[in-house]
>>> print(open('final_32.txt').read())   # compact mmCIF, C-alpha atoms and all ligand atoms
# COMPACT_ATOMS: atom_id res chain seq x y z
CA MET A 1 -88.31 -72.45 -243.34
CA ALA A 2 -87.32 -76.10 -243.72
CA THR A 3 -86.75 -78.17 -240.58
CA VAL A 4 -83.01 -78.43 -240.13
CA LYS A 5 -81.79 -82.01 -240.09
CA THR A 6 -80.09 -83.09 -236.88
CA THR A 7 -78.13 -85.74 -238.78
CA PRO A 8 -76.93 -84.74 -242.25
CA ASN A 9 -77.13 -87.30 -245.04
CA LYS A 10 -74.13 -89.57 -245.44
CA PRO A 11 -71.71 -88.60 -248.25
CA LYS A 12 -72.28 -91.96 -249.95
CA ASP A 13 -76.03 -91.19 -250.14
CA ALA A 14 -75.61 -87.76 -251.75
CA GLY A 15 -78.37 -87.37 -254.32
CA LEU A 16 -80.47 -90.25 -253.01
CA GLU A 17 -83.02 -87.98 -251.32
CA ALA A 18 -83.37 -85.84 -254.45
CA ARG A 19 -83.91 -88.99 -256.50
CA GLN A 20 -86.61 -90.23 -254.12
CA LYS A 21 -88.34 -86.87 -253.81
CA LEU A 22 -87.95 -85.35 -257.26
CA GLY A 23 -87.21 -88.28 -259.55
CA TRP A 24 -84.25 -89.84 -261.31
CA TRP A 25 -83.94 -87.26 -264.11
CA HIS A 26 -83.94 -84.33 -261.70
CA ALA A 27 -81.20 -85.90 -259.58
CA TYR A 28 -78.86 -86.51 -262.53
CA ARG A 29 -79.84 -84.10 -265.34
CA PHE A 30 -76.82 -81.80 -265.31
CA LEU A 31 -74.46 -84.70 -264.71
CA ILE A 32 -75.90 -86.46 -267.78
CA LEU A 33 -75.80 -83.30 -269.89
CA ARG A 34 -72.16 -82.71 -268.89
CA ARG A 35 -71.17 -86.25 -269.80
CA LEU A 36 -72.94 -85.82 -273.16
CA SER A 37 -71.06 -82.57 -273.70
CA GLN A 38 -67.66 -84.12 -272.80
CA LEU A 39 -68.27 -87.22 -274.94
CA SER A 40 -69.57 -85.15 -277.88
CA ILE A 41 -66.31 -83.19 -277.91
CA ILE A 42 -64.29 -86.44 -277.95
CA LEU A 43 -66.51 -87.62 -280.83
CA MET A 44 -65.90 -84.34 -282.67
CA PHE A 45 -62.15 -85.05 -282.48
CA LEU A 46 -62.80 -88.60 -283.69
CA SER A 47 -65.13 -87.62 -286.54
CA GLY A 48 -62.19 -87.14 -288.95
CA PRO A 49 -60.43 -90.47 -288.40
CA LEU A 50 -63.75 -92.34 -288.15
CA TRP A 51 -65.91 -90.74 -290.83
CA ASN A 52 -63.52 -88.42 -292.67
CA VAL A 53 -65.56 -85.40 -291.56
CA TRP A 54 -63.29 -83.15 -289.50
CA ILE A 55 -65.48 -81.35 -286.99
CA LEU A 56 -62.55 -80.74 -284.65
CA LYS A 57 -59.04 -81.31 -285.96
CA GLY A 58 -56.26 -81.36 -283.40
CA ASN A 59 -56.37 -81.89 -279.66
CA TYR A 60 -57.41 -80.23 -276.40
CA SER A 61 -54.40 -77.90 -276.56
CA SER A 62 -54.98 -76.61 -280.07
CA SER A 63 -57.63 -77.44 -282.66
CA MET A 64 -59.54 -76.21 -285.69
CA LEU A 65 -63.34 -76.24 -285.76
CA PHE A 66 -64.53 -77.22 -289.25
CA ASP A 67 -61.03 -76.39 -290.53
CA VAL A 68 -61.93 -72.70 -290.10
CA VAL A 69 -62.16 -71.55 -286.48
CA PRO A 70 -58.96 -71.88 -284.45
CA LEU A 71 -59.30 -72.83 -280.79
CA THR A 72 -56.26 -72.74 -278.51
CA ASP A 73 -55.67 -73.44 -274.84
CA PRO A 74 -54.93 -70.01 -273.30
CA LEU A 75 -52.38 -71.52 -270.91
CA ILE A 76 -50.28 -72.92 -273.77
CA THR A 77 -50.45 -69.57 -275.52
CA ALA A 78 -49.39 -67.77 -272.35
CA GLU A 79 -46.51 -70.25 -271.94
CA SER A 80 -45.42 -69.61 -275.54
CA LEU A 81 -45.47 -65.87 -274.95
CA ALA A 82 -43.55 -66.36 -271.69
CA THR A 83 -40.76 -68.16 -273.56
CA GLY A 84 -40.44 -65.10 -275.78
CA TYR A 85 -41.77 -66.91 -278.82
CA LEU A 86 -44.61 -65.16 -280.68
CA PRO A 87 -47.04 -67.91 -281.78
CA GLU A 88 -48.71 -67.87 -285.21
CA TRP A 89 -51.67 -65.53 -285.50
CA THR A 90 -54.10 -68.48 -285.68
CA THR A 91 -52.87 -69.62 -282.25
CA ILE A 92 -53.38 -66.15 -280.79
CA VAL A 93 -56.83 -65.77 -282.39
CA GLY A 94 -57.73 -69.27 -281.12
CA ALA A 95 -56.73 -68.32 -277.58
CA LEU A 96 -58.65 -65.02 -277.77
CA ILE A 97 -61.81 -66.85 -278.91
CA ILE A 98 -61.55 -69.24 -275.96
CA VAL A 99 -60.79 -66.46 -273.47
CA ALA A 100 -63.70 -64.34 -274.74
CA PHE A 101 -66.12 -67.29 -274.55
CA TYR A 102 -65.29 -68.29 -270.98
CA ALA A 103 -64.88 -64.70 -269.78
CA VAL A 104 -68.38 -63.84 -270.95
CA PHE A 105 -70.24 -67.07 -270.27
CA ALA A 106 -69.67 -69.59 -267.53
CA SER A 107 -67.03 -69.65 -264.85
CA LYS A 108 -64.67 -72.60 -265.36
CA ALA A 109 -67.21 -74.34 -267.62
CA PHE A 110 -64.22 -75.85 -269.44
CA CYS A 111 -63.50 -77.91 -266.31
CA SER A 112 -66.99 -79.35 -265.96
CA TRP A 113 -68.41 -79.40 -269.49
CA VAL A 114 -65.35 -79.95 -271.72
CA CYS A 115 -62.30 -81.34 -269.92
CA PRO A 116 -62.03 -85.15 -270.26
CA MET A 117 -60.16 -85.27 -266.94
CA ASN A 118 -63.41 -84.33 -265.19
CA ILE A 119 -64.73 -87.83 -265.94
CA VAL A 120 -61.71 -89.32 -264.14
CA THR A 121 -61.79 -87.00 -261.13
CA ASP A 122 -65.58 -87.32 -260.74
CA ALA A 123 -65.13 -91.12 -260.77
CA ALA A 124 -62.49 -90.88 -258.03
CA ALA A 125 -64.75 -88.58 -255.95
CA TRP A 126 -67.72 -90.94 -256.42
CA LEU A 127 -65.66 -93.97 -255.39
CA ARG A 128 -64.28 -92.07 -252.43
CA ARG A 129 -67.81 -91.33 -251.21
CA LYS A 130 -69.01 -94.90 -251.81
CA LEU A 131 -66.00 -96.38 -249.97
CA GLY A 132 -66.46 -93.90 -247.13
CA ILE A 133 -62.88 -92.58 -247.43
CA ARG A 134 -62.86 -89.44 -245.25
CA GLN A 135 -59.14 -88.93 -244.65
CA SER A 136 -57.66 -86.27 -246.84
CA ALA A 137 -54.27 -84.61 -246.80
CA LYS A 138 -54.64 -80.85 -246.53
CA LEU A 139 -53.40 -78.69 -249.37
CA PRO A 140 -54.21 -75.00 -249.80
CA ARG A 141 -56.75 -74.41 -252.55
CA ASN A 142 -54.76 -71.50 -253.94
CA LEU A 143 -51.78 -73.79 -254.60
CA ARG A 144 -53.04 -74.07 -258.21
CA TYR A 145 -52.55 -70.33 -258.70
CA VAL A 146 -49.00 -70.62 -257.34
CA ILE A 147 -48.39 -73.52 -259.78
CA LEU A 148 -49.79 -71.41 -262.62
CA VAL A 149 -47.35 -68.59 -261.88
CA MET A 150 -44.47 -71.08 -261.47
CA ILE A 151 -45.24 -72.64 -264.87
CA LEU A 152 -45.19 -69.26 -266.58
CA LEU A 153 -41.97 -68.21 -264.83
CA GLY A 154 -40.46 -71.66 -265.49
CA SER A 155 -41.35 -71.40 -269.20
CA ALA A 156 -39.76 -67.96 -269.36
CA VAL A 157 -36.55 -69.19 -267.72
CA SER A 158 -36.29 -72.55 -269.52
CA GLY A 159 -37.57 -71.37 -272.91
CA THR A 160 -39.81 -74.47 -273.14
CA LEU A 161 -43.54 -75.10 -272.73
CA LEU A 162 -42.96 -76.50 -269.26
CA TRP A 163 -46.47 -77.66 -268.47
CA GLU A 164 -46.80 -79.65 -271.70
CA TRP A 165 -44.31 -82.23 -270.42
CA ILE A 166 -46.72 -83.42 -267.75
CA ASN A 167 -50.13 -82.10 -268.80
CA PRO A 168 -52.55 -84.95 -267.88
CA VAL A 169 -55.47 -83.27 -269.68
CA ALA A 170 -53.59 -83.48 -272.98
CA ALA A 171 -52.45 -87.00 -272.04
CA LEU A 172 -56.04 -88.16 -271.52
CA GLY A 173 -57.11 -86.43 -274.72
CA ARG A 174 -54.49 -88.50 -276.55
CA VAL A 175 -55.79 -91.65 -274.84
CA PHE A 176 -59.33 -90.99 -276.06
CA VAL A 177 -58.39 -89.84 -279.53
CA PHE A 178 -55.46 -92.14 -280.34
CA GLY A 179 -56.14 -95.08 -278.02
CA LEU A 180 -54.15 -96.18 -274.97
CA GLY A 181 -50.82 -94.41 -274.80
CA ALA A 182 -47.67 -94.27 -272.73
CA THR A 183 -48.98 -91.22 -270.86
CA LEU A 184 -51.92 -93.10 -269.39
CA TRP A 185 -49.91 -93.46 -266.18
CA LEU A 186 -50.38 -89.70 -265.60
CA VAL A 187 -54.13 -90.15 -265.62
CA ALA A 188 -53.87 -93.14 -263.26
CA VAL A 189 -51.74 -91.08 -260.86
CA VAL A 190 -54.36 -88.30 -260.79
CA PHE A 191 -57.16 -90.83 -260.15
CA LEU A 192 -55.28 -92.48 -257.26
CA PHE A 193 -54.23 -89.10 -255.85
CA ASP A 194 -57.87 -87.94 -255.76
CA LEU A 195 -59.11 -91.28 -254.41
CA LEU A 196 -56.54 -91.91 -251.71
CA VAL A 197 -54.61 -88.75 -250.89
CA VAL A 198 -56.51 -85.46 -251.28
CA GLU A 199 -60.27 -85.09 -251.79
CA HIS A 200 -60.79 -83.33 -255.16
CA GLY A 201 -57.01 -83.10 -255.13
CA TRP A 202 -56.23 -82.51 -258.77
CA CYS A 203 -58.95 -80.11 -260.00
CA GLY A 204 -59.56 -78.46 -256.65
CA HIS A 205 -55.95 -77.85 -255.61
CA LEU A 206 -53.37 -78.39 -258.33
CA CYS A 207 -54.56 -78.02 -261.92
CA PRO A 208 -53.12 -74.82 -263.48
CA ILE A 209 -55.50 -75.08 -266.46
CA GLY A 210 -58.44 -74.81 -264.04
CA ALA A 211 -56.68 -71.95 -262.27
CA ALA A 212 -56.31 -70.12 -265.59
CA TYR A 213 -59.99 -70.62 -266.42
CA GLY A 214 -60.91 -69.47 -262.90
CA LEU A 215 -59.16 -66.16 -263.52
CA ILE A 216 -60.56 -65.85 -267.04
CA GLY A 217 -64.18 -66.51 -265.95
CA ALA A 218 -64.08 -64.66 -262.63
CA LYS A 219 -66.64 -62.10 -263.86
CA SER A 220 -68.59 -64.36 -266.21
CA LEU A 221 -72.33 -64.13 -266.65
CA ILE A 222 -73.69 -67.55 -265.76
CA LYS A 223 -73.59 -68.32 -262.06
CA ILE A 224 -75.34 -70.66 -259.65
CA ASN A 225 -78.05 -68.87 -257.66
CA VAL A 226 -79.29 -69.83 -254.21
CA VAL A 227 -82.96 -69.32 -254.89
CA ASP A 228 -84.14 -69.55 -251.32
CA ARG A 229 -81.84 -70.11 -248.34
CA GLU A 230 -84.80 -70.77 -246.09
CA ARG A 231 -85.55 -74.01 -247.89
CA CYS A 232 -82.19 -75.52 -246.95
CA ASP A 233 -82.53 -78.24 -244.31
CA ARG A 234 -78.76 -78.77 -244.05
CA CYS A 235 -78.79 -82.28 -245.47
CA MET A 236 -75.28 -81.46 -246.78
CA ASP A 237 -75.74 -83.32 -250.07
CA CYS A 238 -74.58 -80.28 -252.05
CA TYR A 239 -71.42 -79.95 -249.95
CA ASN A 240 -70.77 -83.68 -250.38
CA VAL A 241 -70.84 -83.58 -254.20
CA CYS A 242 -69.42 -80.12 -254.84
CA PRO A 243 -65.79 -80.29 -256.01
CA GLU A 244 -65.28 -76.82 -254.53
CA PRO A 245 -67.51 -76.91 -251.42
CA GLN A 246 -65.95 -73.76 -249.96
CA VAL A 247 -67.78 -71.72 -252.64
CA LEU A 248 -71.17 -72.69 -251.20
CA ARG A 249 -70.68 -71.49 -247.66
CA LEU A 250 -71.41 -67.76 -248.00
CA PRO A 251 -74.23 -67.88 -250.60
CA LEU A 252 -75.98 -70.67 -248.72
CA HIS A 253 -75.18 -70.15 -245.06
CA GLY A 254 -73.73 -66.64 -244.92
CA SER A 255 -75.31 -63.56 -243.37
CA GLU A 256 -78.08 -61.40 -244.85
CA SER A 257 -75.46 -59.17 -246.44
CA ASP A 258 -73.78 -62.06 -248.28
CA SER A 259 -74.89 -62.50 -251.87
CA PRO A 260 -77.08 -65.55 -252.58
CA ILE A 261 -75.19 -65.96 -255.86
CA VAL A 262 -72.18 -68.28 -256.05
CA LEU A 263 -69.75 -65.63 -257.23
CA ASP A 264 -66.56 -67.41 -256.24
CA LYS A 265 -64.30 -67.88 -259.28
CA ASP A 266 -63.58 -71.48 -258.28
CA CYS A 267 -67.18 -72.71 -258.88
CA ILE A 268 -66.99 -74.87 -262.02
CA THR A 269 -70.66 -74.29 -262.98
CA CYS A 270 -71.25 -78.04 -263.06
CA GLY A 271 -74.80 -77.82 -261.72
CA ARG A 272 -74.31 -80.89 -259.54
CA CYS A 273 -75.54 -78.95 -256.48
CA ILE A 274 -78.79 -78.26 -258.37
CA ASP A 275 -79.14 -81.95 -259.21
CA VAL A 276 -78.71 -83.35 -255.72
CA CYS A 277 -80.60 -80.77 -253.66
CA PRO A 278 -83.91 -82.32 -252.59
CA GLU A 279 -85.24 -78.90 -251.53
CA ASN A 280 -84.65 -77.18 -254.89
CA VAL A 281 -82.48 -74.54 -253.29
CA PHE A 282 -80.31 -73.85 -256.37
CA ALA A 283 -80.81 -72.79 -259.98
CA PHE A 284 -78.66 -71.66 -262.87
CA GLY A 285 -78.89 -67.91 -263.16
CA SER A 286 -76.84 -64.88 -263.93
CA ARG A 287 -74.45 -62.94 -261.74
CA PHE A 288 -76.83 -59.97 -261.80
CA GLU A 289 -80.21 -61.43 -260.98
CA LYS A 290 -81.60 -64.13 -258.82
CA GLN A 291 -83.56 -67.14 -259.91
CA VAL A 292 -83.31 -67.67 -263.62
CA GLN A 293 -84.76 -71.16 -263.42
CA VAL A 294 -83.93 -73.75 -266.06
CA LYS A 295 -87.54 -74.63 -266.57
CA ASN A 296 -87.73 -77.14 -269.35
CA ILE A 297 -85.63 -79.95 -267.98
S1 LIG A 301 -78.93 -76.61 -250.11
FE1 LIG A 301 -80.13 -78.46 -250.52
S2 LIG A 301 -78.60 -80.08 -250.72
FE2 LIG A 301 -77.54 -78.35 -249.75
S3 LIG A 301 -77.71 -78.73 -247.56
FE3 LIG A 301 -79.44 -77.43 -248.14
S4 LIG A 301 -81.11 -78.84 -248.58
FE4 LIG A 301 -79.23 -80.05 -248.59
S1 LIG A 302 -71.34 -74.78 -256.39
FE1 LIG A 302 -72.54 -76.22 -257.61
S2 LIG A 302 -72.02 -75.68 -259.73
FE2 LIG A 302 -70.42 -74.76 -258.42
S3 LIG A 302 -68.82 -76.30 -258.32
FE3 LIG A 302 -70.15 -76.67 -256.57
S4 LIG A 302 -71.60 -78.24 -257.27
FE4 LIG A 302 -70.64 -77.35 -259.10
>>> encode(input="final_32.txt", output="structure tokens", more="lines below")
Ligand code: SF4
Ligand code: SF4
Amino acid sequence: MATVKTTPNKPKDAGLEARQKLGWWHAYRFLILRRLSQLSIILMFLSGPLWNVWILKGNYSSSMLFDVVPLTDPLITAESLATGYLPEWTTIVGALIIVAFYAVFASKAFCSWVCPMNIVTDAAAWLRRKLGIRQSAKLPRNLRYVILVMILLGSAVSGTLLWEWINPVAALGRVFVFGLGATLWLVAVVFLFDLLVVEHGWCGHLCPIGAAYGLIGAKSLIKINVVDRERCDRCMDCYNVCPEPQVLRLPLHGSESDSPIVLDKDCITCGRCIDVCPENVFAFGSRFEKQVQVKNI
């Protein structure tokens, strides 16, 4: 069993110990891979305008992969259905493809591996740690599920796609794909909200898209495994970087009867806890078995 630290690492130093002990690549690998994934998707949207090869045509709400495979945001589709309007079959098929993918594979992987807003909210969280901002207004984490229900009810009552008026994910997508736009202020508001008002405020408390993906991927296959609780020396680096730190408590510090697998639907499968842990406590795995180590990286 590791010697428990009497003084946990400071939030601003999260990942430093892993970098010193295990090397630079180990301490950042999943963060780098996620940024590559997010930027590749932006490039796929840009491939048409830039090179006249349309890998992804459309936007984060609705797109066509190679002009053949429809991909649609399930929340928009649900809003459409709530208004009483039956979307075109390509929209429905696109939503079903997305739902099937995230339901089977990784919990909320859209949030960490696809959504461009993750770059903004991670930047706010990083700056918050570096500036030592500890104050945070308290909001219930399940507020996002309440917002999700309100959006669907609001769409049904108003007959409009309510969320699309203020959707900052779509707004940022337009910024990346079409250049700076009038909706950039929405993105700036989210950044400042996360930096100054509520820690992980947007993704962790408010975003209804994340809430929808949480419900969709609640039983998904890929989960974070706590490989060996005994190795944990309570440095707290994982809690400091995790955008949903409440999901770590039971798998890591629960009782014998608590599963060592992060089964909570709010884990975004970002792998940042694996990166920063100097004791190699975590690994990607499945919800059924422990310790499926990602060996080659
Ligand atoms: S699991 Fe790793 S990073 Fe988290 S507190 Fe324990 S030793 Fe630190
Ligand atoms: S538990 Fe790990 S993978 Fe899940 S959200 Fe937290 S840091 Fe990311």
>>> residues_near_ligand(input="final_32.txt", ligand="ligand LIG 302 (chain A)", cutoff="8 Å", atoms="only C-alpha atoms and all ligand atoms", output="list in words")
Lys223, Ile224, Cys238, Tyr239, Val241, Cys242, Pro243, Glu244, Pro245, Val247, Leu248, Val262, Asp266, Cys267, Ile268, Thr269, Cys270, Gly271, Arg272, Cys273 and Ile274 of chain A
>>> write_last_selection(input="final_32.txt", atoms="C-alpha atoms", output="PDB file, in the coordinates of the input")
ATOM      1  CA  LYS A 223     -73.590 -68.320-262.060  1.00  0.00           C
ATOM      2  CA  ILE A 224     -75.340 -70.660-259.650  1.00  0.00           C
ATOM      3  CA  CYS A 238     -74.580 -80.280-252.050  1.00  0.00           C
ATOM      4  CA  TYR A 239     -71.420 -79.950-249.950  1.00  0.00           C
ATOM      5  CA  VAL A 241     -70.840 -83.580-254.200  1.00  0.00           C
ATOM      6  CA  CYS A 242     -69.420 -80.120-254.840  1.00  0.00           C
ATOM      7  CA  PRO A 243     -65.790 -80.290-256.010  1.00  0.00           C
ATOM      8  CA  GLU A 244     -65.280 -76.820-254.530  1.00  0.00           C
ATOM      9  CA  PRO A 245     -67.510 -76.910-251.420  1.00  0.00           C
ATOM     10  CA  VAL A 247     -67.780 -71.720-252.640  1.00  0.00           C
ATOM     11  CA  LEU A 248     -71.170 -72.690-251.200  1.00  0.00           C
ATOM     12  CA  VAL A 262     -72.180 -68.280-256.050  1.00  0.00           C
ATOM     13  CA  ASP A 266     -63.580 -71.480-258.280  1.00  0.00           C
ATOM     14  CA  CYS A 267     -67.180 -72.710-258.880  1.00  0.00           C
ATOM     15  CA  ILE A 268     -66.990 -74.870-262.020  1.00  0.00           C
ATOM     16  CA  THR A 269     -70.660 -74.290-262.980  1.00  0.00           C
ATOM     17  CA  CYS A 270     -71.250 -78.040-263.060  1.00  0.00           C
ATOM     18  CA  GLY A 271     -74.800 -77.820-261.720  1.00  0.00           C
ATOM     19  CA  ARG A 272     -74.310 -80.890-259.540  1.00  0.00           C
ATOM     20  CA  CYS A 273     -75.540 -78.950-256.480  1.00  0.00           C
ATOM     21  CA  ILE A 274     -78.790 -78.260-258.370  1.00  0.00           C
TER      22      ILE A 274
END
>>> residues_around(input="final_32.txt", residues="range 97-111 of chain A", least_positions_apart="5", cutoff="7 Å", atoms="all atoms listed in the file", output="PDB file with C-alpha atoms, keeping the file's coordinate frame")
ATOM      1  CA  LEU A  71     -59.300 -72.830-280.790  1.00  0.00           C
ATOM      2  CA  THR A  72     -56.260 -72.740-278.510  1.00  0.00           C
ATOM      3  CA  PRO A  74     -54.930 -70.010-273.300  1.00  0.00           C
ATOM      4  CA  ASN A 118     -63.410 -84.330-265.190  1.00  0.00           C
ATOM      5  CA  GLY A 210     -58.440 -74.810-264.040  1.00  0.00           C
ATOM      6  CA  TYR A 213     -59.990 -70.620-266.420  1.00  0.00           C
ATOM      7  CA  GLY A 214     -60.910 -69.470-262.900  1.00  0.00           C
ATOM      8  CA  ILE A 216     -60.560 -65.850-267.040  1.00  0.00           C
ATOM      9  CA  GLY A 217     -64.180 -66.510-265.950  1.00  0.00           C
ATOM     10  CA  ALA A 218     -64.080 -64.660-262.630  1.00  0.00           C
ATOM     11  CA  LYS A 219     -66.640 -62.100-263.860  1.00  0.00           C
ATOM     12  CA  SER A 220     -68.590 -64.360-266.210  1.00  0.00           C
ATOM     13  CA  LEU A 221     -72.330 -64.130-266.650  1.00  0.00           C
ATOM     14  CA  ILE A 222     -73.690 -67.550-265.760  1.00  0.00           C
ATOM     15  CA  LYS A 223     -73.590 -68.320-262.060  1.00  0.00           C
ATOM     16  CA  LYS A 265     -64.300 -67.880-259.280  1.00  0.00           C
ATOM     17  CA  CYS A 267     -67.180 -72.710-258.880  1.00  0.00           C
ATOM     18  CA  ILE A 268     -66.990 -74.870-262.020  1.00  0.00           C
ATOM     19  CA  THR A 269     -70.660 -74.290-262.980  1.00  0.00           C
TER      20      THR A 269
END
>>> residues_near_ligand(input="final_32.txt", ligand="ligand LIG 301 (chain A)", cutoff="10 Å", atoms="all atoms listed in the file", output="PyMOL selection string")
chain A and resi 2-5+8-9+14-15+17-18+226-242+248-249+251-253+272-282
>>> write_last_selection(input="final_32.txt", atoms="C-alpha atoms", output="JSON list (two decimals), keeping the file's coordinate frame")
[["chain", "number", "residue", "atom", "x", "y", "z"],
["A", 2, "ALA", "CA", -87.32, -76.10, -243.72],
["A", 3, "THR", "CA", -86.75, -78.17, -240.58],
["A", 4, "VAL", "CA", -83.01, -78.43, -240.13],
["A", 5, "LYS", "CA", -81.79, -82.01, -240.09],
["A", 8, "PRO", "CA", -76.93, -84.74, -242.25],
["A", 9, "ASN", "CA", -77.13, -87.30, -245.04],
["A", 14, "ALA", "CA", -75.61, -87.76, -251.75],
["A", 15, "GLY", "CA", -78.37, -87.37, -254.32],
["A", 17, "GLU", "CA", -83.02, -87.98, -251.32],
["A", 18, "ALA", "CA", -83.37, -85.84, -254.45],
["A", 226, "VAL", "CA", -79.29, -69.83, -254.21],
["A", 227, "VAL", "CA", -82.96, -69.32, -254.89],
["A", 228, "ASP", "CA", -84.14, -69.55, -251.32],
["A", 229, "ARG", "CA", -81.84, -70.11, -248.34],
["A", 230, "GLU", "CA", -84.80, -70.77, -246.09],
["A", 231, "ARG", "CA", -85.55, -74.01, -247.89],
["A", 232, "CYS", "CA", -82.19, -75.52, -246.95],
["A", 233, "ASP", "CA", -82.53, -78.24, -244.31],
["A", 234, "ARG", "CA", -78.76, -78.77, -244.05],
["A", 235, "CYS", "CA", -78.79, -82.28, -245.47],
["A", 236, "MET", "CA", -75.28, -81.46, -246.78],
["A", 237, "ASP", "CA", -75.74, -83.32, -250.07],
["A", 238, "CYS", "CA", -74.58, -80.28, -252.05],
["A", 239, "TYR", "CA", -71.42, -79.95, -249.95],
["A", 240, "ASN", "CA", -70.77, -83.68, -250.38],
["A", 241, "VAL", "CA", -70.84, -83.58, -254.20],
["A", 242, "CYS", "CA", -69.42, -80.12, -254.84],
["A", 248, "LEU", "CA", -71.17, -72.69, -251.20],
["A", 249, "ARG", "CA", -70.68, -71.49, -247.66],
["A", 251, "PRO", "CA", -74.23, -67.88, -250.60],
["A", 252, "LEU", "CA", -75.98, -70.67, -248.72],
["A", 253, "HIS", "CA", -75.18, -70.15, -245.06],
["A", 272, "ARG", "CA", -74.31, -80.89, -259.54],
["A", 273, "CYS", "CA", -75.54, -78.95, -256.48],
["A", 274, "ILE", "CA", -78.79, -78.26, -258.37],
["A", 275, "ASP", "CA", -79.14, -81.95, -259.21],
["A", 276, "VAL", "CA", -78.71, -83.35, -255.72],
["A", 277, "CYS", "CA", -80.60, -80.77, -253.66],
["A", 278, "PRO", "CA", -83.91, -82.32, -252.59],
["A", 279, "GLU", "CA", -85.24, -78.90, -251.53],
["A", 280, "ASN", "CA", -84.65, -77.18, -254.89],
["A", 281, "VAL", "CA", -82.48, -74.54, -253.29],
["A", 282, "PHE", "CA", -80.31, -73.85, -256.37]]
>>> atom_distance(input="final_32.txt", atom1="CA of Arg34 in chain A", atom2="CA of Trp113 in chain A")
5.0 Å
>>> atom_distance(input="final_32.txt", atom1="CA of Ile32 in chain A", atom2="CA of Val175 in chain A")
21.9 Å
